[in-house]
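Encoded as C-alpha cells, the structure appears first; notes follow it.
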Amino acid sequence: MSKRTPPYRVNQWGTGAVGKYCIERTLELPNLKLVGALVYTDAKDGKDIGEILHRAPLGIAATKDKKRMIALDADIVLYTPLLVDLDDMCAILESGKDLITPSGFVYLKDDAVLARINAACKKGNSTMHGGGIHPGFSGDRLALVLSALCRRIDKITVYELVSMADMTESPDLIFGYLGFNMDGKTAAATEPPLLKTMSGIFRESMQLLAAGIGVEIESYRTSHEYALATEDSPTTPGLIKKGHVGGQHFNYEAIAGGRTVIEFKTYWRMADKLEPAWDQPMHGLTYIVEVEGEPGLRCVLDPVGERPAELGLIWTAMLVMNAIPEVCQASAGFKTVLDLPLITAKHAMTI
C-alpha cells in the first residue's frame, strides 16, 4: 500500500529565488495541491501567496508562524531557505510530512545528524531527501551517470561557472551572506560568510559521488579567493563598486590514496572585469564534468535561453519538484538518489 496518494498536498517553506518557482510549478501540476507557504519577512506575512508571486490571488495566505505552518494538513514540505534549521526540519518530519530541500543534505556521513533525522522520520512515518543543481545534480548525479562510460577513473573535476549579475537573488543574499561588494581591505581580512556552510554541503556531494563509485574519502582541502572589480559594474541586485568584491572562487578537494580524486571548482562573478581575471569562460551559467581516466571525458551543461543564471534557479526548483512522487512513495527515513528510483520530469512533456 502506498504511503501517500496524489494529489499531494504541498507546503512551501520559503518563497525566495527558488521557492517562487516551486510554487509556480505546484500550481501547474495536476498531481499537486498548494496548501500553504512560510515567509520570513513582515512585509509578506499574511499576504496572499498569489500577490507575493505577482499573480492573481490564490485564496491562501502566507505566514511567518512556523508552528502554524507545521500544523497545516499536508503531505510534503518543500524546504528552500538557503540557511537551514535542523530543529525545524525535524519538527516537520515528526509531524508526518515528507521533506525535500535543495539546501544540502544530498548525503550524510554525520552519524549524529543522520540518526536525528531518521528518528524524526520514524516518528512521523516520513521521508527526507536533498537535491538541487549543485550539489544534488551536476557534481554527483550527473558525474555518476558519466562514470559508467569509464574503464578507469583517476580523477573527477566539476566546474561551476556562474555570472550572477542578472538573476533574482535578493540584495540581502548577494551583498550580505555571499559577501559581494565588500571593499578590498575588508575582504582581505574577512572569511566568506558562507564558506563553512558551503564546505559542508559540497563535502556531502563529494561523499555521494564517492559512495556511488566505491571510493572512501580520507580527507578534504578547501580554499577560497576574492576577485575585485576593476570598474563600477551595475547588476540586478545593485552596483558593484570599483575595487570591491566582484568575484569569488571556491575550491574543494577530496583526498584518497594521498592524492586529489574529486575536485569541485566554483567561480562566481558579479562583474565582467576582475583582478585576478581568472582564465574561465563566464557567459552566464556552465557546469563542466571532466573525468581523467580511460577513456577520459568532458561533459558541458548549459541552459538554453535568456538569463542563463536565472534558468539555473529553475533547474534547482525542478530537481525538487520532480522528486516529489518518488519521495512521497518512499519508505520512511533519509533517502539519497542512490536509494530512490530514477527521478524524471513525468508531467513536463507537451503533447
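The way I read the labels, and the way they are meant: chains A, B, ... in the order of the C-alpha cells, residue 1 as the first residue of every chain, and ligand 1 as the first ligand shown, with later ones counted on from there.
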For stretch 154-186 of chain A against stretch 270-281 of chain A, with a cut-off of 9 Å and counting only C-alpha atoms, what is the closest atom pair and its distance in Å to one decimal for every residue that makes the cut, ordered by chain and number, as a tab-separated table?
```
residue	atom	partner	partner_atom	distance
A:Leu161	CA	A:Pro281	CA	7.6
A:Val162	CA	A:Met270	CA	8.7
A:Ser163	CA	A:Met270	CA	6.0
A:Met164	CA	A:Met270	CA	5.2
A:Ala165	CA	A:Met270	CA	4.6
A:Asp166	CA	A:Met270	CA	8.4
A:Phe180	CA	A:Met270	CA	7.9
```
Q | Residue list (helix (DSSP H, G or I), DSSP) for stretch 311-346 of chain A, as number ranges by chain | A | A: 311-321, 324-329
Kindly assemble as CSV a list of the stretch 92-151 of chain A residues that lie within 10 Å of stretch 300-316 of chain A, each paired with its nearest atom pair and their distance in Å to one decimal, using only C-alpha atoms, sorted first by chain and then by ascending residue number.
```
residue,atom,partner,partner_atom,distance
A:Thr101,CA,A:Thr316,CA,9.9
A:Pro102,CA,A:Thr316,CA,6.8
A:Ser103,CA,A:Thr316,CA,9.8
A:Gly131,CA,A:Thr316,CA,7.9
A:Gly132,CA,A:Thr316,CA,4.7
A:Ile133,CA,A:Thr316,CA,4.9
A:His134,CA,A:Thr316,CA,8.2
A:Pro135,CA,A:Thr316,CA,9.6
A:Gly136,CA,A:Thr316,CA,8.7
A:Phe137,CA,A:Thr316,CA,8.9
A:Ser138,CA,A:Leu301,CA,8.3
A:Leu142,CA,A:Leu301,CA,9.8
```
Atoms to include: C-alpha atoms. Write the selected residues as a PDB file, in the first residue's frame.
```pdb
ATOM      1  CA  THR A 101      15.340  20.561   0.247  1.00  0.00           C
ATOM      2  CA  PRO A 102      17.807  21.962  -2.310  1.00  0.00           C
ATOM      3  CA  SER A 103      19.964  23.310   0.524  1.00  0.00           C
ATOM      4  CA  GLY A 131      18.547  17.601  -4.198  1.00  0.00           C
ATOM      5  CA  GLY A 132      19.483  20.734  -6.150  1.00  0.00           C
ATOM      6  CA  ILE A 133      21.577  21.656  -9.180  1.00  0.00           C
ATOM      7  CA  HIS A 134      24.950  21.689  -7.341  1.00  0.00           C
ATOM      8  CA  PRO A 135      25.130  19.932  -5.002  1.00  0.00           C
ATOM      9  CA  GLY A 136      22.454  17.448  -5.978  1.00  0.00           C
ATOM     10  CA  PHE A 137      22.968  17.022  -9.713  1.00  0.00           C
ATOM     11  CA  SER A 138      25.957  18.399 -11.631  1.00  0.00           C
ATOM     12  CA  LEU A 142      25.453  13.674 -13.495  1.00  0.00           C
TER      13      LEU A 142
END
```
